[in-house]
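One file, start.cif, carrying mmCIF, C-alpha atoms:
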data_my_file
loop_
_atom_site.group_PDB
_atom_site.id
_atom_site.type_symbol
_atom_site.label_atom_id
_atom_site.label_comp_id
_atom_site.auth_asym_id
_atom_site.auth_seq_id
_atom_site.Cartn_x
_atom_site.Cartn_y
_atom_site.Cartn_z
ATOM 1 C CA MET A 897 21.932 -21.292 17.018
ATOM 2 C CA THR A 898 20.206 -20.010 20.167
ATOM 3 C CA ASP A 899 16.530 -20.568 20.974
ATOM 4 C CA ALA A 900 15.837 -16.897 20.184
ATOM 5 C CA GLU A 901 17.545 -17.239 16.785
ATOM 6 C CA ASP A 902 15.574 -20.435 16.085
ATOM 7 C CA ALA A 903 12.315 -18.631 16.907
ATOM 8 C CA ARG A 904 13.285 -15.687 14.714
ATOM 9 C CA GLU A 905 14.057 -18.016 11.786
ATOM 10 C CA GLY A 906 10.681 -19.716 12.302
ATOM 11 C CA ASP A 907 9.010 -16.308 12.142
ATOM 12 C CA VAL A 908 10.847 -15.540 8.899
ATOM 13 C CA ASP A 909 9.777 -18.878 7.411
ATOM 14 C CA GLN A 910 6.148 -18.178 8.324
ATOM 15 C CA LEU A 911 6.328 -14.702 6.786
ATOM 16 C CA LEU A 912 7.986 -15.956 3.601
ATOM 17 C CA PHE A 913 6.217 -19.256 3.034
ATOM 18 C CA GLU A 914 2.958 -19.334 5.016
ATOM 19 C CA PRO A 915 0.936 -16.190 4.291
ATOM 20 C CA ASN A 916 -2.758 -16.453 5.087
ATOM 21 C CA ALA A 917 -3.645 -13.802 2.493
ATOM 22 C CA SER A 918 -2.069 -12.896 -0.816
ATOM 23 C CA ILE A 919 -2.407 -10.458 -3.655
ATOM 24 C CA ASN A 920 -0.312 -11.405 -6.662
ATOM 25 C CA GLY A 921 -1.312 -9.400 -9.678
ATOM 26 C CA PRO A 922 -3.169 -6.210 -10.496
ATOM 27 C CA ILE A 923 -5.100 -4.288 -7.862
ATOM 28 C CA ASP A 924 -8.671 -4.207 -9.153
ATOM 29 C CA GLU A 925 -12.198 -5.100 -8.056
ATOM 30 C CA LYS A 926 -11.363 -8.817 -8.360
ATOM 31 C CA ALA A 927 -8.434 -8.340 -5.993
ATOM 32 C CA VAL A 928 -10.709 -6.531 -3.524
ATOM 33 C CA THR A 929 -13.276 -9.340 -3.577
ATOM 34 C CA SER A 930 -10.592 -12.001 -3.157
ATOM 35 C CA PHE A 931 -8.929 -10.093 -0.320
ATOM 36 C CA LEU A 932 -12.245 -9.582 1.506
ATOM 37 C CA ASP A 933 -12.784 -13.367 1.448
ATOM 38 C CA GLN A 934 -9.246 -14.010 2.667
ATOM 39 C CA ILE A 935 -9.339 -11.494 5.507
ATOM 40 C CA ALA A 936 -12.743 -12.779 6.649
ATOM 41 C CA ALA A 937 -11.175 -16.232 7.047
ATOM 42 C CA VAL A 938 -8.267 -14.742 9.022
ATOM 43 C CA ARG A 939 -10.676 -12.800 11.276
ATOM 44 C CA ALA A 940 -12.621 -16.012 11.929
ATOM 45 C CA GLY A 941 -9.443 -17.713 13.191
ATOM 46 C CA ASP A 942 -6.871 -16.714 15.753
ATOM 47 C CA GLN A 943 -3.809 -15.956 13.607
ATOM 48 C CA ASP A 944 -2.167 -12.657 12.829
ATOM 49 C CA LEU A 945 -2.701 -11.414 9.282
ATOM 50 C CA VAL A 946 0.260 -12.197 7.017
ATOM 51 C CA LEU A 947 -0.262 -10.697 3.565
ATOM 52 C CA GLU A 948 2.035 -11.576 0.672
ATOM 53 C CA LEU A 949 1.981 -8.885 -1.995
ATOM 54 C CA SER A 950 3.478 -8.637 -5.486
ATOM 55 C CA THR A 951 1.783 -6.215 -7.842
ATOM 56 C CA VAL A 952 2.395 -3.918 -10.779
ATOM 57 C CA GLY A 953 -0.311 -1.674 -9.287
ATOM 58 C CA GLY A 954 -3.760 -0.868 -10.527
ATOM 59 C CA ASP A 955 -6.814 1.003 -9.339
ATOM 60 C CA ALA A 956 -6.010 3.490 -6.553
ATOM 61 C CA ASP A 957 -9.511 3.307 -5.080
ATOM 62 C CA ALA A 958 -9.445 -0.500 -4.997
ATOM 63 C CA ALA A 959 -6.134 -0.271 -3.116
ATOM 64 C CA ARG A 960 -7.686 2.204 -0.676
ATOM 65 C CA ARG A 961 -10.501 -0.301 0.008
ATOM 66 C CA ILE A 962 -8.027 -3.089 0.750
ATOM 67 C CA ALA A 963 -5.991 -0.726 2.956
ATOM 68 C CA LEU A 964 -9.133 0.143 4.920
ATOM 69 C CA GLU A 965 -9.764 -3.540 5.703
ATOM 70 C CA ILE A 966 -6.175 -3.914 6.921
ATOM 71 C CA ARG A 967 -6.474 -0.889 9.220
ATOM 72 C CA LEU A 968 -9.805 -2.199 10.556
ATOM 73 C CA PHE A 969 -8.243 -5.620 11.209
ATOM 74 C CA SER A 970 -5.321 -4.028 13.061
ATOM 75 C CA ARG A 971 -7.619 -1.921 15.238
ATOM 76 C CA ARG A 972 -10.446 -4.370 15.875
ATOM 77 C CA ALA A 973 -9.034 -7.911 15.822
ATOM 78 C CA GLY A 974 -6.477 -7.412 18.576
ATOM 79 C CA ARG A 975 -3.899 -9.174 16.412
ATOM 80 C CA ALA A 976 -0.973 -7.984 14.349
ATOM 81 C CA ALA A 977 -1.008 -7.454 10.598
ATOM 82 C CA HIS A 978 2.199 -8.188 8.665
ATOM 83 C CA ARG A 979 2.922 -7.467 5.037
ATOM 84 C CA VAL A 980 5.611 -9.164 2.961
ATOM 85 C CA GLY A 981 6.346 -7.506 -0.369
ATOM 86 C CA LYS A 982 8.047 -9.844 -2.786
ATOM 87 C CA SER A 983 10.022 -8.634 -5.814
ATOM 88 C CA TYR A 984 7.805 -5.716 -6.892
ATOM 89 C CA VAL A 985 5.282 -3.550 -5.086
ATOM 90 C CA TYR A 986 4.332 -0.826 -7.484
ATOM 91 C CA SER A 987 1.899 2.041 -7.453
ATOM 92 C CA ALA A 988 -1.378 1.008 -5.781
ATOM 93 C CA GLY A 989 0.552 -1.682 -3.910
ATOM 94 C CA VAL A 990 2.329 1.081 -1.989
ATOM 95 C CA THR A 991 -1.097 2.315 -0.826
ATOM 96 C CA ILE A 992 -1.667 -1.132 0.668
ATOM 97 C CA LEU A 993 1.835 -1.158 2.201
ATOM 98 C CA ALA A 994 1.097 2.134 3.972
ATOM 99 C CA ALA A 995 -1.831 0.575 5.880
ATOM 100 C CA PHE A 996 0.538 -1.601 7.926
ATOM 101 C CA ASN A 997 2.481 -0.430 10.962
ATOM 102 C CA THR A 998 6.003 0.410 9.831
ATOM 103 C CA GLN A 999 7.638 -2.322 11.928
ATOM 104 C CA ASN A 1000 5.346 -4.912 10.282
ATOM 105 C CA ARG A 1001 6.239 -3.950 6.705
ATOM 106 C CA TYR A 1002 8.727 -6.367 5.144
ATOM 107 C CA LEU A 1003 10.309 -6.636 1.722
ATOM 108 C CA THR A 1004 12.376 -9.385 0.192
ATOM 109 C CA ALA A 1005 15.918 -8.287 -0.648
ATOM 110 C CA ASP A 1006 15.149 -8.151 -4.393
ATOM 111 C CA ALA A 1007 12.034 -6.003 -3.984
ATOM 112 C CA PHE A 1008 11.417 -2.552 -5.379
ATOM 113 C CA LEU A 1009 8.689 -0.058 -4.559
ATOM 114 C CA LEU A 1010 7.318 2.263 -7.239
ATOM 115 C CA ILE A 1011 6.057 5.460 -5.670
ATOM 116 C CA HIS A 1012 4.372 7.890 -8.041
ATOM 117 C CA GLU A 1013 1.519 10.336 -8.287
ATOM 118 C CA ARG A 1014 -1.931 8.981 -8.991
ATOM 119 C CA ARG A 1015 -2.603 8.661 -12.725
ATOM 120 C CA ILE A 1016 -5.744 10.115 -14.238
ATOM 121 C CA SER A 1017 -6.812 9.760 -17.848
ATOM 122 C CA GLY A 1018 -9.762 11.128 -19.714
ATOM 123 C CA SER A 1019 -10.916 14.124 -21.617
ATOM 124 C CA LEU A 1020 -13.347 16.909 -20.977
ATOM 125 C CA GLU A 1021 -15.588 17.983 -23.807
ATOM 126 C CA LEU A 1022 -17.363 21.247 -23.301
ATOM 127 C CA SER A 1023 -20.601 21.776 -25.146
ATOM 128 C CA GLY A 1024 -23.585 23.889 -24.211
ATOM 129 C CA PRO A 1025 -24.284 27.071 -22.308
ATOM 130 C CA ILE A 1026 -21.344 28.720 -20.532
ATOM 131 C CA THR A 1027 -22.904 28.111 -17.107
ATOM 132 C CA ALA A 1028 -23.145 24.382 -17.806
ATOM 133 C CA CYS A 1029 -19.557 24.323 -19.120
ATOM 134 C CA ILE A 1030 -18.284 26.095 -16.005
ATOM 135 C CA GLN A 1031 -20.111 23.498 -13.880
ATOM 136 C CA MET A 1032 -18.443 20.632 -15.772
ATOM 137 C CA VAL A 1033 -14.992 22.200 -15.293
ATOM 138 C CA GLN A 1034 -15.666 22.771 -11.568
ATOM 139 C CA GLU A 1035 -16.777 19.159 -11.127
ATOM 140 C CA LYS A 1036 -13.620 17.857 -12.835
ATOM 141 C CA LEU A 1037 -11.447 20.182 -10.743
ATOM 142 C CA ALA A 1038 -13.168 19.015 -7.542
ATOM 143 C CA MET A 1039 -12.485 15.387 -8.510
ATOM 144 C CA LEU A 1040 -8.790 16.146 -9.154
ATOM 145 C CA GLU A 1041 -8.405 18.094 -5.908
ATOM 146 C CA ASN A 1042 -10.005 15.256 -3.951
ATOM 147 C CA ALA A 1043 -7.723 12.703 -5.634
ATOM 148 C CA GLN A 1044 -4.686 14.789 -4.687
ATOM 149 C CA ARG A 1045 -5.913 15.144 -1.088
ATOM 150 C CA LEU A 1046 -6.334 11.355 -0.803
ATOM 151 C CA GLU A 1047 -2.908 10.845 -2.365
ATOM 152 C CA LYS A 1048 -1.260 13.174 0.171
ATOM 153 C CA GLN A 1049 -3.017 11.354 3.020
ATOM 154 C CA GLY A 1050 -1.548 8.108 1.686
ATOM 155 C CA PHE A 1051 1.957 9.583 1.553
ATOM 156 C CA ALA A 1052 1.560 10.837 5.137
ATOM 157 C CA GLU A 1053 0.503 7.343 6.249
ATOM 158 C CA LEU A 1054 3.485 5.755 4.465
ATOM 159 C CA ALA A 1055 5.904 8.299 5.953
ATOM 160 C CA ARG A 1056 4.614 8.008 9.534
ATOM 161 C CA GLY A 1057 7.425 6.752 11.773
ATOM 162 C CA SER A 1058 10.088 7.003 9.046
ATOM 163 C CA GLN A 1059 12.949 9.412 8.371
ATOM 164 C CA MET A 1060 11.054 10.828 5.357
ATOM 165 C CA SER A 1061 8.362 13.462 5.567
ATOM 166 C CA ALA A 1062 5.156 13.191 3.588
ATOM 167 C CA GLU A 1063 6.340 16.197 1.574
ATOM 168 C CA GLU A 1064 9.616 14.414 0.691
ATOM 169 C CA LEU A 1065 7.661 11.350 -0.413
ATOM 170 C CA PHE A 1066 5.350 13.519 -2.507
ATOM 171 C CA HIS A 1067 8.412 15.116 -4.135
ATOM 172 C CA CYS A 1068 9.840 11.635 -4.894
ATOM 173 C CA ALA A 1069 6.484 10.518 -6.291
ATOM 174 C CA ARG A 1070 6.478 13.354 -8.814
ATOM 175 C CA LYS A 1071 9.588 11.755 -10.373
ATOM 176 C CA ASN A 1072 8.292 8.141 -10.455
ATOM 177 C CA CYS A 1073 10.562 6.874 -7.698
ATOM 178 C CA TYR A 1074 11.750 3.261 -7.895
ATOM 179 C CA MET A 1075 13.013 2.492 -4.389
ATOM 180 C CA SER A 1076 14.985 -0.639 -3.505
ATOM 181 C CA ALA A 1077 14.283 -2.628 -0.361
ATOM 182 C CA GLN A 1078 17.622 -1.427 1.021
ATOM 183 C CA ASP A 1079 16.704 2.234 0.447
ATOM 184 C CA ALA A 1080 13.226 1.717 1.931
ATOM 185 C CA LEU A 1081 14.834 0.208 5.039
ATOM 186 C CA GLY A 1082 17.366 3.032 5.205
ATOM 187 C CA TYR A 1083 14.563 5.613 5.129
ATOM 188 C CA GLY A 1084 12.640 3.671 7.764
ATOM 189 C CA LEU A 1085 9.659 3.032 5.473
ATOM 190 C CA ILE A 1086 9.798 -0.701 6.247
ATOM 191 C CA GLY A 1087 10.709 -2.632 9.379
ATOM 192 C CA ARG A 1088 12.864 -5.353 7.876
ATOM 193 C CA ILE A 1089 14.294 -7.001 4.787
ATOM 194 C CA LEU A 1090 13.656 -10.744 4.693
ATOM 195 C CA PRO A 1091 16.485 -12.940 3.373
#
Let me see the structure of the file written as structure tokens.
Amino acid sequence: MTDAEDAREGDVDQLLFEPNASINGPIDEKAVTSFLDQIAAVRAGDQDLVLELSTVGGDADAARRIALEIRLFSRRAGRAAHRVGKSYVYSAGVTILAAFNTQNRYLTADAFLLIHERRISGSLELSGPITACIQMVQEKLAMLENAQRLEKQGFAELARGSQMSAEELFHCARKNCYMSAQDALGYGLIGRILP
């Protein structure tokens, strides 16, 4: 093995076994709080950020908050941010994945991404004067339109630098796309598969 190959294997070992931040579980307010503590410790040191992520998904807005911190770290710390997805990175986890530069997105060979449209649940009960009912409907519509705008921004960020357009990703998302690590690499959505 050459010195370059030895160094590359050492990098892989660090990515796989020595993350300095991790999210393993649902993306929620607890995950945000934990991640903020972890990234503060990384910022206080001199290492690159290495985030290990395995998640079934969760709250889209909590994922957006974590993604913001990653983008801020990448821009302001002067150090690289790497993300290693292990086994499953579903739903809101893909929002976090998109915050990393494409070449610094890694998946383990067994990993799958789940890319789908944002889920909304709830009901709208109309009661009262027509003007008030129209206002309630307009407010709900504004919320849905904003959610879709944010979702499309996320797809554009994920697609940047890949062979897929944001529109193609949005089309895939409408069908609940389970994408293997090999397919993600083939589309250029990730930089590397880790053995």
Residues matched by the PyMOL selection byres ((chain A and resi 914-931) around 9), written as a PyMOL selection string: chain A and resi 909-913+932-938+943-959+961-962+965+979-980+988-989
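Evaluated against the shown file, the PyMOL selection byres ((chain A and resi 977) around 10) gives Gln943, Asp944, Leu945, Val946, Leu947, Ile966, Arg967, Phe969, Ser970, Arg971, Ala973, Gly974, Arg975, Ala976, His978, Arg979, Ala995, Phe996, Asn997, Asn1000 and Arg1001 of chain A.
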Could those residues be written to a file, using C-alpha atoms, as an mmCIF file, in the coordinates of the input?
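Produced file result04.cif, reproduced below:
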data_model
loop_
_atom_site.group_PDB
_atom_site.id
_atom_site.type_symbol
_atom_site.label_atom_id
_atom_site.label_comp_id
_atom_site.auth_asym_id
_atom_site.auth_seq_id
_atom_site.Cartn_x
_atom_site.Cartn_y
_atom_site.Cartn_z
ATOM 1 C CA GLN A 943 -3.809 -15.956 13.607
ATOM 2 C CA ASP A 944 -2.167 -12.657 12.829
ATOM 3 C CA LEU A 945 -2.701 -11.414 9.282
ATOM 4 C CA VAL A 946 0.260 -12.197 7.017
ATOM 5 C CA LEU A 947 -0.262 -10.697 3.565
ATOM 6 C CA ILE A 966 -6.175 -3.914 6.921
ATOM 7 C CA ARG A 967 -6.474 -0.889 9.220
ATOM 8 C CA PHE A 969 -8.243 -5.620 11.209
ATOM 9 C CA SER A 970 -5.321 -4.028 13.061
ATOM 10 C CA ARG A 971 -7.619 -1.921 15.238
ATOM 11 C CA ALA A 973 -9.034 -7.911 15.822
ATOM 12 C CA GLY A 974 -6.477 -7.412 18.576
ATOM 13 C CA ARG A 975 -3.899 -9.174 16.412
ATOM 14 C CA ALA A 976 -0.973 -7.984 14.349
ATOM 15 C CA HIS A 978 2.199 -8.188 8.665
ATOM 16 C CA ARG A 979 2.922 -7.467 5.037
ATOM 17 C CA ALA A 995 -1.831 0.575 5.880
ATOM 18 C CA PHE A 996 0.538 -1.601 7.926
ATOM 19 C CA ASN A 997 2.481 -0.430 10.962
ATOM 20 C CA ASN A 1000 5.346 -4.912 10.282
ATOM 21 C CA ARG A 1001 6.239 -3.950 6.705
#
Two-atom distance - atom CA of A:Tyr1002, atom CA of A:Ile1016 (Å):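 Taking atom CA of A:Tyr1002 and atom CA of A:Ile1016, their separation equals 29.3 Å.
Closest approach to A:Gln1078 among A:Thr991, A:Ser1019, A:Ser1061, A:Thr1004 is made by A:Thr1004 (distances from all atoms listed in the file).
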Expected selection from the PyMOL selection byres ((chain A and resi 1085) around 12), given as JSON, numbers by chain: {"A": [990, 993, 994, 995, 996, 997, 998, 999, 1000, 1001, 1002, 1003, 1009, 1011, 1051, 1052, 1053, 1054, 1055, 1056, 1057, 1058, 1059, 1060, 1061, 1062, 1065, 1075, 1076, 1077, 1078, 1079, 1080, 1081, 1082, 1083, 1084, 1086, 1087, 1088, 1089]}
Box for stretch 1073-1080 of chain A - axis-aligned, 3 Å on each of the six sides, all listed atoms - centre and size in Å to one decimal, as lines of an AutoDock Vina configuration file.
center_x = 14.1
center_y = 2.1
center_z = -3.0
size_x = 13.1
size_y = 15.5
size_z = 15.8
Atom-to-atom span, atom CA of A:Pro1091 and atom CA of A:Ala1005, Å: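 Interatomic distance here is 6.2 Å.
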As an mmCIF file, in the frame of the given file, the rebuilt stretch 951-980 of chain A with N, CA and C atoms:
data_model
loop_
_atom_site.group_PDB
_atom_site.id
_atom_site.type_symbol
_atom_site.label_atom_id
_atom_site.label_comp_id
_atom_site.auth_asym_id
_atom_site.auth_seq_id
_atom_site.Cartn_x
_atom_site.Cartn_y
_atom_site.Cartn_z
ATOM 1 N N THR A 951 2.731 -6.832 -6.919
ATOM 2 C CA THR A 951 1.783 -6.215 -7.842
ATOM 3 C C THR A 951 2.448 -5.143 -8.688
ATOM 4 N N VAL A 952 1.965 -5.015 -9.917
ATOM 5 C CA VAL A 952 2.395 -3.918 -10.779
ATOM 6 C C VAL A 952 1.508 -2.691 -10.543
ATOM 7 N N GLY A 953 0.560 -2.795 -9.621
ATOM 8 C CA GLY A 953 -0.311 -1.674 -9.287
ATOM 9 C C GLY A 953 -1.695 -1.876 -9.840
ATOM 10 N N GLY A 954 -2.400 -0.781 -10.016
ATOM 11 C CA GLY A 954 -3.760 -0.868 -10.527
ATOM 12 C C GLY A 954 -4.598 0.299 -10.058
ATOM 13 N N ASP A 955 -5.826 0.000 -9.697
ATOM 14 C CA ASP A 955 -6.814 1.003 -9.339
ATOM 15 C C ASP A 955 -6.548 1.549 -7.932
ATOM 16 N N ALA A 956 -6.329 2.854 -7.840
ATOM 17 C CA ALA A 956 -6.010 3.490 -6.553
ATOM 18 C C ALA A 956 -7.149 3.332 -5.551
ATOM 19 N N ASP A 957 -8.387 3.427 -6.003
ATOM 20 C CA ASP A 957 -9.511 3.307 -5.080
ATOM 21 C C ASP A 957 -9.704 1.869 -4.604
ATOM 22 N N ALA A 958 -9.409 0.897 -5.439
ATOM 23 C CA ALA A 958 -9.445 -0.500 -4.997
ATOM 24 C C ALA A 958 -8.375 -0.736 -3.936
ATOM 25 N N ALA A 959 -7.203 -0.153 -4.119
ATOM 26 C CA ALA A 959 -6.134 -0.271 -3.116
ATOM 27 C C ALA A 959 -6.546 0.387 -1.807
ATOM 28 N N ARG A 960 -7.217 1.536 -1.889
ATOM 29 C CA ARG A 960 -7.686 2.204 -0.676
ATOM 30 C C ARG A 960 -8.681 1.329 0.074
ATOM 31 N N ARG A 961 -9.514 0.593 -0.637
ATOM 32 C CA ARG A 961 -10.501 -0.301 0.008
ATOM 33 C C ARG A 961 -9.806 -1.437 0.735
ATOM 34 N N ILE A 962 -8.795 -2.019 0.108
ATOM 35 C CA ILE A 962 -8.027 -3.089 0.750
ATOM 36 C C ILE A 962 -7.298 -2.533 1.977
ATOM 37 N N ALA A 963 -6.709 -1.354 1.838
ATOM 38 C CA ALA A 963 -5.991 -0.726 2.956
ATOM 39 C C ALA A 963 -6.932 -0.474 4.137
ATOM 40 N N LEU A 964 -8.160 -0.071 3.851
ATOM 41 C CA LEU A 964 -9.133 0.143 4.920
ATOM 42 C C LEU A 964 -9.357 -1.137 5.713
ATOM 43 N N GLU A 965 -9.535 -2.264 5.015
ATOM 44 C CA GLU A 965 -9.764 -3.540 5.703
ATOM 45 C C GLU A 965 -8.573 -3.921 6.584
ATOM 46 N N ILE A 966 -7.372 -3.617 6.127
ATOM 47 C CA ILE A 966 -6.175 -3.914 6.921
ATOM 48 C C ILE A 966 -6.155 -3.061 8.181
ATOM 49 N N ARG A 967 -6.436 -1.767 8.043
ATOM 50 C CA ARG A 967 -6.474 -0.889 9.220
ATOM 51 C C ARG A 967 -7.554 -1.339 10.193
ATOM 52 N N LEU A 968 -8.734 -1.718 9.685
ATOM 53 C CA LEU A 968 -9.805 -2.199 10.556
ATOM 54 C C LEU A 968 -9.383 -3.472 11.287
ATOM 55 N N PHE A 969 -8.729 -4.387 10.570
ATOM 56 C CA PHE A 969 -8.243 -5.620 11.209
ATOM 57 C C PHE A 969 -7.272 -5.268 12.330
ATOM 58 N N SER A 970 -6.328 -4.392 12.066
ATOM 59 C CA SER A 970 -5.321 -4.028 13.061
ATOM 60 C C SER A 970 -5.952 -3.410 14.301
ATOM 61 N N ARG A 971 -6.977 -2.597 14.100
ATOM 62 C CA ARG A 971 -7.619 -1.921 15.238
ATOM 63 C C ARG A 971 -8.597 -2.813 15.984
ATOM 64 N N ARG A 972 -9.319 -3.665 15.268
ATOM 65 C CA ARG A 972 -10.446 -4.370 15.875
ATOM 66 C C ARG A 972 -10.178 -5.827 16.245
ATOM 67 N N ALA A 973 -9.236 -6.473 15.585
ATOM 68 C CA ALA A 973 -9.034 -7.911 15.822
ATOM 69 C C ALA A 973 -8.140 -8.187 17.020
ATOM 70 N N GLY A 974 -7.382 -7.186 17.455
ATOM 71 C CA GLY A 974 -6.477 -7.412 18.576
ATOM 72 C C GLY A 974 -5.290 -8.289 18.198
ATOM 73 N N ARG A 975 -5.032 -8.393 16.903
ATOM 74 C CA ARG A 975 -3.899 -9.174 16.412
ATOM 75 C C ARG A 975 -3.086 -8.329 15.447
ATOM 76 N N ALA A 976 -1.866 -8.741 15.227
ATOM 77 C CA ALA A 976 -0.973 -7.984 14.349
ATOM 78 C C ALA A 976 -1.285 -8.267 12.877
ATOM 79 N N ALA A 977 -0.907 -7.307 12.048
ATOM 80 C CA ALA A 977 -1.008 -7.454 10.598
ATOM 81 C C ALA A 977 0.391 -7.247 10.022
ATOM 82 N N HIS A 978 0.866 -8.229 9.266
ATOM 83 C CA HIS A 978 2.199 -8.188 8.665
ATOM 84 C C HIS A 978 2.050 -8.201 7.152
ATOM 85 N N ARG A 979 2.961 -7.505 6.490
ATOM 86 C CA ARG A 979 2.922 -7.467 5.037
ATOM 87 C C ARG A 979 4.294 -7.794 4.492
ATOM 88 N N VAL A 980 4.363 -8.766 3.601
ATOM 89 C CA VAL A 980 5.611 -9.164 2.961
ATOM 90 C C VAL A 980 5.505 -8.833 1.473
#
